[in-house]
>>> print(open('input-v6.tsv').read())   # TSV, C-alpha atoms
chain	number	residue	atom	x	y	z
H	1	MET	CA	10.40	-38.16	-53.19
H	2	THR	CA	13.37	-36.24	-51.78
H	3	ASP	CA	13.71	-36.07	-48.00
H	4	ILE	CA	15.29	-33.07	-46.27
H	5	LEU	CA	18.25	-33.27	-43.89
H	6	ASP	CA	16.87	-30.42	-41.80
H	7	GLY	CA	19.85	-28.94	-39.95
H	8	LYS	CA	17.77	-26.17	-38.44
H	9	ALA	CA	15.32	-28.53	-36.72
H	10	LEU	CA	18.10	-30.88	-35.58
H	11	ALA	CA	20.13	-27.94	-34.21
H	12	LEU	CA	17.15	-26.88	-32.06
H	13	GLN	CA	16.82	-30.42	-30.72
H	14	ILE	CA	20.53	-30.69	-29.82
H	15	LYS	CA	20.51	-27.20	-28.28
H	16	GLU	CA	17.66	-28.31	-26.01
H	17	GLU	CA	19.71	-31.37	-24.98
H	18	ILE	CA	22.70	-29.14	-24.13
H	19	ALA	CA	20.50	-26.62	-22.29
H	20	ASN	CA	19.01	-29.40	-20.12
H	21	GLU	CA	22.51	-30.59	-19.20
H	22	VAL	CA	23.65	-27.04	-18.38
H	23	ARG	CA	20.54	-26.46	-16.23
H	24	GLN	CA	21.37	-29.63	-14.31
H	25	LEU	CA	24.98	-28.52	-13.78
H	26	THR	CA	24.08	-25.03	-12.58
H	27	ALA	CA	21.33	-26.46	-10.32
H	28	GLU	CA	24.08	-28.52	-8.67
H	29	GLY	CA	26.00	-25.31	-7.98
H	30	HIS	CA	28.53	-25.50	-10.82
H	31	ARG	CA	29.36	-22.51	-13.03
H	32	ALA	CA	28.08	-22.50	-16.61
H	33	PRO	CA	30.42	-23.44	-19.50
H	34	HIS	CA	32.17	-20.38	-20.97
H	35	LEU	CA	32.82	-19.94	-24.71
H	36	ALA	CA	34.79	-16.95	-25.99
H	37	ALA	CA	35.42	-15.60	-29.50
H	38	VAL	CA	38.08	-13.26	-30.83
H	39	ILE	CA	37.23	-11.26	-33.94
H	40	VAL	CA	39.71	-8.96	-35.68
H	41	GLY	CA	38.24	-6.34	-38.04
H	42	THR	CA	34.69	-5.92	-39.37
H	43	ASP	CA	34.20	-8.65	-41.99
H	44	GLY	CA	30.41	-8.94	-42.47
H	45	ALA	CA	30.18	-12.75	-42.63
H	46	SER	CA	32.51	-13.12	-39.63
H	47	MET	CA	30.50	-10.66	-37.55
H	48	THR	CA	27.27	-12.52	-38.39
H	49	TYR	CA	28.81	-15.86	-37.43
H	50	VAL	CA	30.13	-14.53	-34.11
H	51	ALA	CA	26.76	-12.90	-33.33
H	52	ASN	CA	25.02	-16.24	-34.00
H	53	LYS	CA	27.53	-18.03	-31.80
H	54	GLU	CA	26.88	-15.55	-29.00
H	55	LYS	CA	23.09	-15.90	-29.37
H	56	SER	CA	23.29	-19.71	-29.40
H	57	SER	CA	25.58	-19.72	-26.35
H	58	HIS	CA	23.03	-17.71	-24.36
H	59	GLU	CA	20.18	-19.97	-25.56
H	60	VAL	CA	21.83	-23.04	-23.99
H	61	GLY	CA	22.86	-21.24	-20.80
H	62	PHE	CA	26.56	-20.76	-21.58
H	63	THR	CA	28.55	-17.70	-20.60
H	64	SER	CA	29.72	-15.96	-23.79
H	65	SER	CA	32.51	-13.41	-24.27
H	66	VAL	CA	33.52	-11.66	-27.48
H	67	TYR	CA	36.88	-9.91	-27.84
H	68	ARG	CA	36.50	-7.40	-30.67
H	69	MET	CA	39.82	-6.10	-32.02
H	70	SER	CA	40.41	-3.48	-34.71
H	71	GLU	CA	41.62	-4.19	-38.25
H	72	THR	CA	44.97	-2.60	-37.32
H	73	THR	CA	45.63	-5.02	-34.42
H	74	THR	CA	49.15	-6.40	-34.68
H	75	GLU	CA	49.95	-10.11	-34.69
H	76	LYS	CA	51.78	-9.60	-31.37
H	77	GLN	CA	48.68	-8.05	-29.76
H	78	LEU	CA	46.49	-10.91	-31.01
H	79	LEU	CA	48.95	-13.52	-29.71
H	80	GLU	CA	48.95	-11.78	-26.32
H	81	THR	CA	45.13	-12.02	-26.22
H	82	ILE	CA	45.32	-15.72	-27.09
H	83	ASP	CA	47.88	-16.28	-24.33
H	84	PHE	CA	45.52	-14.56	-21.87
H	85	LEU	CA	42.60	-16.78	-22.93
H	86	ASN	CA	44.77	-19.93	-22.80
H	87	ASN	CA	45.55	-19.15	-19.16
H	88	ASP	CA	42.13	-17.92	-17.99
H	89	PRO	CA	40.66	-20.79	-15.89
H	90	ASP	CA	37.12	-19.43	-16.35
H	91	ILE	CA	37.19	-19.88	-20.13
H	92	ASP	CA	36.61	-23.45	-21.32
H	93	GLY	CA	37.02	-22.90	-25.04
H	94	PHE	CA	37.52	-20.12	-27.55
H	95	ILE	CA	37.70	-19.50	-31.26
H	96	VAL	CA	39.66	-16.98	-33.29
H	97	GLN	CA	37.34	-16.04	-36.15
H	98	LEU	CA	38.87	-16.50	-39.61
H	99	PRO	CA	39.78	-14.95	-41.99
H	100	LEU	CA	42.25	-12.63	-40.27
H	101	PRO	CA	43.65	-9.42	-41.81
H	102	LYS	CA	46.43	-10.11	-44.33
H	103	HIS	CA	49.23	-8.80	-42.09
H	104	ILE	CA	48.57	-11.57	-39.53
H	105	ASN	CA	49.86	-15.12	-40.07
H	106	GLU	CA	46.79	-17.35	-39.59
H	107	GLN	CA	48.70	-20.58	-38.98
H	108	ARG	CA	50.91	-18.93	-36.35
H	109	VAL	CA	47.75	-17.75	-34.58
H	110	ILE	CA	46.10	-21.19	-34.75
H	111	ASN	CA	49.28	-22.85	-33.46
H	112	ALA	CA	49.22	-20.52	-30.42
H	113	ILE	CA	45.79	-21.75	-29.24
H	114	SER	CA	45.89	-24.30	-26.42
H	115	PRO	CA	44.69	-27.67	-27.84
H	116	ASP	CA	42.57	-28.10	-24.66
H	117	LYS	CA	40.61	-24.93	-25.50
H	118	ASP	CA	40.65	-25.30	-29.29
H	119	VAL	CA	36.90	-25.89	-29.73
H	120	ASP	CA	37.21	-25.13	-33.47
H	121	GLY	CA	39.47	-28.21	-33.75
H	122	PHE	CA	42.00	-26.39	-35.94
H	123	THR	CA	45.28	-26.81	-34.02
H	124	PRO	CA	47.83	-29.34	-35.35
H	125	VAL	CA	47.44	-31.35	-32.13
H	126	ASN	CA	43.67	-31.81	-32.58
H	127	ILE	CA	43.98	-32.44	-36.32
H	128	GLY	CA	46.70	-35.03	-35.61
H	129	ARG	CA	44.59	-36.75	-32.95
H	130	MET	CA	41.62	-36.81	-35.33
H	131	VAL	CA	43.70	-38.46	-38.08
H	132	LEU	CA	44.89	-41.07	-35.57
H	133	GLY	CA	41.33	-41.69	-34.38
H	134	GLU	CA	42.13	-40.43	-30.87
H	135	GLU	CA	39.99	-38.31	-28.53
H	136	CYS	CA	40.02	-34.71	-29.79
H	137	PHE	CA	37.99	-31.65	-30.73
H	138	VAL	CA	36.71	-32.26	-34.27
H	139	PRO	CA	36.34	-29.21	-36.58
H	140	ALA	CA	32.79	-27.90	-36.28
H	141	THR	CA	31.49	-28.19	-39.87
H	142	PRO	CA	32.73	-31.78	-40.48
H	143	MET	CA	31.35	-32.71	-37.06
H	144	GLY	CA	28.01	-31.15	-38.02
H	145	ILE	CA	27.90	-33.14	-41.28
H	146	CYS	CA	28.59	-36.39	-39.41
H	147	THR	CA	25.91	-35.52	-36.82
H	148	LEU	CA	23.34	-34.90	-39.58
H	149	LEU	CA	24.07	-38.28	-41.20
H	150	GLN	CA	24.00	-40.10	-37.84
H	151	ARG	CA	20.86	-38.51	-36.43
H	152	TYR	CA	18.90	-39.03	-39.65
H	153	GLY	CA	19.97	-42.68	-39.78
H	154	ILE	CA	21.66	-42.40	-43.18
H	155	GLU	CA	23.31	-45.72	-44.03
H	156	THR	CA	27.04	-45.11	-44.52
H	157	ALA	CA	28.78	-48.49	-44.09
H	158	GLY	CA	30.32	-49.60	-47.37
H	159	LYS	CA	28.85	-46.63	-49.25
H	160	HIS	CA	30.93	-44.64	-51.72
H	161	CYS	CA	31.28	-41.10	-50.43
H	162	VAL	CA	32.72	-38.45	-52.74
H	163	VAL	CA	33.97	-35.26	-51.07
H	164	ILE	CA	34.57	-32.24	-53.33
H	165	GLY	CA	36.99	-29.82	-51.67
H	166	ARG	CA	40.20	-30.42	-49.72
H	167	SER	CA	40.35	-27.54	-47.23
H	168	ASN	CA	41.65	-28.17	-43.72
H	169	ILE	CA	38.38	-26.78	-42.37
H	170	VAL	CA	35.90	-29.04	-44.20
H	171	GLY	CA	36.99	-31.36	-47.04
H	172	THR	CA	40.04	-33.07	-45.57
H	173	PRO	CA	38.62	-33.67	-42.05
H	174	VAL	CA	35.20	-34.87	-43.28
H	175	ALA	CA	36.86	-37.32	-45.69
H	176	ASN	CA	38.93	-38.65	-42.79
H	177	LEU	CA	35.96	-38.96	-40.42
H	178	LEU	CA	33.65	-40.71	-42.90
H	179	SER	CA	36.32	-43.32	-43.72
H	180	ARG	CA	36.69	-44.32	-40.05
H	181	LYS	CA	35.04	-47.11	-38.10
H	182	GLY	CA	31.49	-46.19	-37.25
H	183	PHE	CA	30.89	-44.57	-40.65
H	184	ASP	CA	32.91	-47.03	-42.77
H	185	CYS	CA	32.52	-45.19	-46.08
H	186	THR	CA	34.81	-45.71	-49.03
H	187	VAL	CA	35.90	-42.12	-49.63
H	188	THR	CA	37.11	-40.39	-52.78
H	189	MET	CA	38.36	-36.82	-52.39
H	190	CYS	CA	38.09	-34.51	-55.39
H	191	HIS	CA	39.21	-30.92	-55.91
H	192	SER	CA	39.71	-28.21	-58.54
H	193	LYS	CA	42.39	-30.24	-60.40
H	194	THR	CA	40.40	-33.50	-60.51
H	195	GLN	CA	39.91	-34.79	-64.07
H	196	ASN	CA	36.60	-36.32	-65.22
H	197	LEU	CA	34.86	-34.93	-62.13
H	198	PRO	CA	31.25	-35.64	-63.27
H	199	GLU	CA	32.26	-39.27	-63.91
H	200	ILE	CA	33.41	-39.59	-60.28
H	201	THR	CA	30.53	-37.66	-58.67
H	202	ARG	CA	28.00	-39.86	-60.51
H	203	GLN	CA	29.40	-42.84	-58.58
H	204	ALA	CA	28.70	-41.24	-55.19
H	205	ASP	CA	26.13	-42.74	-52.85
H	206	ILE	CA	26.89	-39.77	-50.58
H	207	LEU	CA	28.12	-36.53	-52.16
H	208	VAL	CA	29.61	-33.84	-49.89
H	209	VAL	CA	30.16	-30.57	-51.76
H	210	ALA	CA	32.49	-27.97	-50.24
H	211	ILE	CA	34.17	-26.46	-53.29
H	212	GLY	CA	33.16	-22.83	-52.67
H	213	LYS	CA	31.67	-22.21	-56.14
H	214	ALA	CA	28.02	-21.17	-56.39
H	215	GLU	CA	25.71	-23.76	-57.99
H	216	PHE	CA	28.70	-25.74	-59.27
H	217	ILE	CA	26.99	-29.15	-59.02
H	218	THR	CA	24.34	-29.75	-61.69
H	219	ALA	CA	21.90	-32.62	-62.30
H	220	ASP	CA	24.19	-34.46	-64.75
H	221	MET	CA	26.82	-34.81	-61.97
H	222	VAL	CA	24.59	-36.63	-59.48
H	223	LYS	CA	23.50	-40.26	-59.29
H	224	GLU	CA	19.81	-41.10	-58.90
H	225	GLY	CA	19.02	-41.65	-55.19
H	226	ALA	CA	22.22	-40.08	-53.85
H	227	VAL	CA	22.47	-38.40	-50.44
H	228	LEU	CA	23.60	-34.81	-51.05
H	229	VAL	CA	25.31	-32.58	-48.48
H	230	ASP	CA	25.84	-28.98	-49.66
H	231	VAL	CA	28.35	-27.09	-47.49
H	232	GLY	CA	28.52	-24.01	-49.75
H	233	ILE	CA	27.04	-20.66	-48.83
H	234	HIS	CA	26.97	-17.66	-51.16
H	235	ARG	CA	25.05	-14.38	-51.16
H	236	VAL	CA	23.64	-13.33	-54.53
H	237	GLU	CA	21.80	-10.11	-55.26
H	238	ASP	CA	18.02	-10.45	-55.38
H	239	ALA	CA	15.89	-7.32	-55.64
H	240	THR	CA	12.75	-9.30	-54.68
H	241	LYS	CA	14.15	-9.96	-51.20
H	242	LYS	CA	13.78	-7.49	-48.35
H	243	ASN	CA	17.51	-7.57	-47.54
H	244	GLY	CA	18.49	-7.40	-51.23
H	245	TYR	CA	20.07	-10.85	-51.50
H	246	ARG	CA	19.35	-14.57	-51.28
H	247	VAL	CA	21.60	-17.37	-50.08
H	248	ILE	CA	22.56	-20.25	-52.38
H	249	GLY	CA	24.93	-23.20	-52.09
H	250	ASP	CA	27.51	-25.06	-54.17
H	251	VAL	CA	24.68	-27.13	-55.68
H	252	LYS	CA	22.06	-26.06	-58.24
H	253	HIS	CA	19.21	-27.31	-56.06
H	254	SER	CA	16.45	-26.38	-58.52
H	255	GLU	CA	17.59	-29.16	-60.87
H	256	VAL	CA	19.51	-31.53	-58.57
H	257	ASP	CA	17.23	-32.13	-55.58
H	258	ALA	CA	14.65	-34.21	-57.45
H	259	LYS	CA	17.33	-36.85	-58.20
H	260	CYS	CA	18.38	-37.27	-54.56
H	261	SER	CA	17.01	-39.42	-51.74
H	262	TRP	CA	18.18	-36.93	-49.08
H	263	VAL	CA	19.46	-33.39	-49.42
H	264	THR	CA	20.61	-30.55	-47.16
H	265	PRO	CA	18.87	-27.23	-47.93
H	266	VAL	CA	20.76	-23.94	-48.18
H	267	PRO	CA	20.29	-22.17	-45.86
H	268	GLY	CA	19.16	-24.41	-43.00
H	269	GLY	CA	21.25	-27.51	-43.66
H	270	VAL	CA	24.87	-27.78	-42.53
H	271	GLY	CA	25.15	-24.18	-41.19
H	272	PRO	CA	23.07	-24.54	-37.99
H	273	LEU	CA	24.95	-27.74	-37.09
H	274	THR	CA	28.32	-25.92	-37.31
H	275	ILE	CA	27.42	-23.66	-34.38
H	276	VAL	CA	25.86	-26.56	-32.45
H	277	SER	CA	29.09	-28.56	-32.89
H	278	LEU	CA	30.99	-25.62	-31.40
H	279	LEU	CA	28.66	-25.72	-28.38
H	280	GLN	CA	29.13	-29.50	-28.06
H	281	ASN	CA	32.92	-29.09	-28.16
H	282	THR	CA	32.73	-26.36	-25.50
H	283	LEU	CA	30.65	-28.58	-23.19
H	284	LYS	CA	33.20	-31.35	-23.72
H	285	ALA	CA	36.07	-28.95	-22.86
H	286	TYR	CA	34.17	-27.78	-19.76
H	287	LYS	CA	33.80	-31.38	-18.54
H	288	LYS	CA	37.50	-32.05	-19.12
H	289	HIS	CA	38.44	-28.93	-17.16
H	290	ARG	CA	36.12	-29.89	-14.29
H	291	LYS	CA	37.80	-33.28	-14.01
>>> encode(input="input-v6.tsv", output="C-alpha cells")
Amino acid sequence: MTDILDGKALALQIKEEIANEVRQLTAEGHRAPHLAAVIVGTDGASMTYVANKEKSSHEVGFTSSVYRMSETTTEKQLLETIDFLNNDPDIDGFIVQLPLPKHINEQRVINAISPDKDVDGFTPVNIGRMVLGEECFVPATPMGICTLLQRYGIETAGKHCVVIGRSNIVGTPVANLLSRKGFDCTVTMCHSKTQNLPEITRQADILVVAIGKAEFITADMVKEGAVLVDVGIHRVEDATKKNGYRVIGDVKHSEVDAKCSWVTPVPGGVGPLTIVSLLQNTLKAYKKHRK
C-alpha cells in the first residue's frame, strides 16, 4: 500500500510550532517577526503565492507587508525598493517574487538583496554557503522537500536519489542537500539532455521530479517501492471543476502511485512546505537580528 507524504498536514503542524514560539516572544514584550514581499506586475500564479504567504504569515503571528509594483516599474525603481528593505531594521526578511517582467534583470535584482534578509535563499552568498555546508538560508522548496523526508522518517542514508531538473531554485540545491551528511544519499542529477532517462530513474530509491512537464513520469520509469517527490504544478482545463481547472504534477499519479512506498500528492505535497520553509527562514532571520 502506498503511504502519503502529506505536506498539507505537516505544514499545519509546523505552523502551530512557529505560532507558539511567536506567542512566547510577543508575551515577553518582543515585536513579532516581519516578512515582506515585493511583487511586480499581475502574474496570476505569483499573486496567488504572495496572497498565501501573507495569509500564512498572519496565521503564525508574523507582521506581513506586500509591496505591489506595476508592470512598468523600472529596474532602478525596484532596486531602490530593495535598498529600502535591506536597510529597514523592522523587516527581518523579504522576497522578490519571480518571475519579473522581461525588462528587469532577475539576477541583478537577486544580487541586490542583503544575504541576511534573503529568506528565499537565492543570493550567491546563501547558495555558496549552502554548497559549503555552512549556516545559511536554504531555498524554500528544497528545504520543504528535506523537511518532508525528515519528519516522515524516510530512510535516506546510502539510498540512491535521482533528481530530475537542474534549476537553481529546486533541482541543484536539493541534489546538494540530499548528498550531505545527515541525509547521506548517493545523488544522480538528470535533466532534459539526459540519455536513457527511464533506465536511470528506475534505479532510484528516492525520485525527486522537478522537470516542469505535466505528467512526464510514467509507471515504466519508476522502481517498485520507490519514494516519489513530485515538485511539479500545472493547471489543466477541467469543465467538471467549479473553477474550470484542476492541478496536476510532473508525475502521472494515476498509474505511478501504486508502485511507490511513499508519494507526495499534487496539490498538498511539496507546495505547503515551501511557504512554511519561508516562515522558518524568517524566524531564523528574526533571531539573528535580535542577537
>>> closest_residue(input="input-v6.tsv", among="H:Arg68, H:Ala112, H:Leu149, H:Asn86", to="Val270 in chain H", atoms="all atoms listed in the file")
H:Leu149
>>> residues_around(input="input-v6.tsv", residues="range 209-218 of chain H", least_positions_apart="4", cutoff="12 Å", atoms="only C-alpha atoms", output="compact mmCIF listing (two decimals) with C-alpha atoms, in the frame of the given file")
# COMPACT_ATOMS: atom_id res chain seq x y z
CA THR H 141 31.49 -28.19 -39.87
CA PRO H 142 32.73 -31.78 -40.48
CA ILE H 145 27.90 -33.14 -41.28
CA CYS H 161 31.28 -41.10 -50.43
CA VAL H 162 32.72 -38.45 -52.74
CA VAL H 163 33.97 -35.26 -51.07
CA ILE H 164 34.57 -32.24 -53.33
CA GLY H 165 36.99 -29.82 -51.67
CA ARG H 166 40.20 -30.42 -49.72
CA SER H 167 40.35 -27.54 -47.23
CA ASN H 168 41.65 -28.17 -43.72
CA ILE H 169 38.38 -26.78 -42.37
CA VAL H 170 35.90 -29.04 -44.20
CA GLY H 171 36.99 -31.36 -47.04
CA THR H 172 40.04 -33.07 -45.57
CA PRO H 173 38.62 -33.67 -42.05
CA VAL H 174 35.20 -34.87 -43.28
CA ALA H 175 36.86 -37.32 -45.69
CA MET H 189 38.36 -36.82 -52.39
CA CYS H 190 38.09 -34.51 -55.39
CA HIS H 191 39.21 -30.92 -55.91
CA SER H 192 39.71 -28.21 -58.54
CA LYS H 193 42.39 -30.24 -60.40
CA THR H 194 40.40 -33.50 -60.51
CA LEU H 197 34.86 -34.93 -62.13
CA PRO H 198 31.25 -35.64 -63.27
CA THR H 201 30.53 -37.66 -58.67
CA ARG H 202 28.00 -39.86 -60.51
CA ALA H 204 28.70 -41.24 -55.19
CA VAL H 222 24.59 -36.63 -59.48
CA LYS H 223 23.50 -40.26 -59.29
CA VAL H 227 22.47 -38.40 -50.44
CA LEU H 228 23.60 -34.81 -51.05
CA VAL H 229 25.31 -32.58 -48.48
CA ASP H 230 25.84 -28.98 -49.66
CA VAL H 231 28.35 -27.09 -47.49
CA GLY H 232 28.52 -24.01 -49.75
CA ILE H 233 27.04 -20.66 -48.83
CA HIS H 234 26.97 -17.66 -51.16
CA ARG H 235 25.05 -14.38 -51.16
CA VAL H 236 23.64 -13.33 -54.53
CA VAL H 247 21.60 -17.37 -50.08
CA ILE H 248 22.56 -20.25 -52.38
CA GLY H 249 24.93 -23.20 -52.09
CA ASP H 250 27.51 -25.06 -54.17
CA VAL H 251 24.68 -27.13 -55.68
CA LYS H 252 22.06 -26.06 -58.24
CA HIS H 253 19.21 -27.31 -56.06
CA SER H 254 16.45 -26.38 -58.52
CA GLU H 255 17.59 -29.16 -60.87
CA VAL H 256 19.51 -31.53 -58.57
CA ASP H 257 17.23 -32.13 -55.58
CA ALA H 258 14.65 -34.21 -57.45
CA LYS H 259 17.33 -36.85 -58.20
CA CYS H 260 18.38 -37.27 -54.56
CA VAL H 263 19.46 -33.39 -49.42
CA THR H 264 20.61 -30.55 -47.16
CA VAL H 266 20.76 -23.94 -48.18
CA VAL H 270 24.87 -27.78 -42.53
>>> axis_aligned_box(input="input-v6.tsv", around="range 268-276 of chain H", padding_each_side="3 Å", output="lines of an AutoDock Vina configuration file")
center_x = 23.7
center_y = -25.7
center_z = -38.1
size_x = 15.2
size_y = 10.1
size_z = 17.2
>>> closest_residue(input="input-v6.tsv", among="H:Ala19, H:Ile91, H:Met69, H:Cys136", to="Arg290 in chain H", atoms="all atoms listed in the file")
H:Ile91
>>> closest_residue(input="input-v6.tsv", among="H:Leu85, H:Ala9, H:Ala36, H:Val125", to="Ser57 in chain H", atoms="all atoms listed in the file")
H:Ala36
>>> residues_around(input="input-v6.tsv", residues="range 20-22 of chain H", least_positions_apart="5", cutoff="8 Å", atoms="all atoms listed in the file", output="PyMOL selection string")
chain H and resi 32-33+60-62
>>> build_atoms(input="input-v6.tsv", residues="range 239-254 of chain H", atoms="N, CA and C atoms", output="compact mmCIF listing (two decimals), in the frame of the given file")
# COMPACT_ATOMS: atom_id res chain seq x y z
N ALA H 239 16.70 -8.53 -55.91
CA ALA H 239 15.89 -7.32 -55.64
C ALA H 239 14.52 -7.66 -55.04
N THR H 240 14.07 -8.92 -55.21
CA THR H 240 12.75 -9.30 -54.68
C THR H 240 12.80 -9.56 -53.17
N LYS H 241 14.00 -9.68 -52.63
CA LYS H 241 14.15 -9.96 -51.20
C LYS H 241 14.28 -8.66 -50.41
N LYS H 242 13.76 -8.68 -49.20
CA LYS H 242 13.78 -7.49 -48.35
C LYS H 242 15.20 -7.01 -48.08
N ASN H 243 16.12 -7.95 -47.85
CA ASN H 243 17.51 -7.57 -47.54
C ASN H 243 18.38 -7.40 -48.80
N GLY H 244 17.77 -7.64 -49.97
CA GLY H 244 18.49 -7.40 -51.23
C GLY H 244 19.32 -8.56 -51.74
N TYR H 245 19.30 -9.68 -51.04
CA TYR H 245 20.07 -10.85 -51.50
C TYR H 245 19.37 -12.14 -51.07
N ARG H 246 19.78 -13.24 -51.74
CA ARG H 246 19.35 -14.57 -51.28
C ARG H 246 20.59 -15.43 -51.11
N VAL H 247 20.46 -16.49 -50.37
CA VAL H 247 21.60 -17.37 -50.08
C VAL H 247 21.47 -18.65 -50.89
N ILE H 248 22.54 -19.00 -51.60
CA ILE H 248 22.56 -20.25 -52.38
C ILE H 248 23.79 -21.06 -52.00
N GLY H 249 23.82 -22.32 -52.44
CA GLY H 249 24.93 -23.20 -52.09
C GLY H 249 25.84 -23.51 -53.25
N ASP H 250 26.62 -24.59 -53.11
CA ASP H 250 27.51 -25.06 -54.17
C ASP H 250 26.77 -25.96 -55.15
N VAL H 251 25.49 -26.22 -54.86
CA VAL H 251 24.68 -27.13 -55.68
C VAL H 251 23.52 -26.36 -56.31
N LYS H 252 23.22 -26.67 -57.56
CA LYS H 252 22.06 -26.06 -58.24
C LYS H 252 20.82 -26.86 -57.83
N HIS H 253 20.27 -26.51 -56.67
CA HIS H 253 19.21 -27.31 -56.06
C HIS H 253 17.95 -27.41 -56.92
N SER H 254 17.67 -26.38 -57.71
CA SER H 254 16.45 -26.38 -58.52
C SER H 254 16.40 -27.56 -59.49
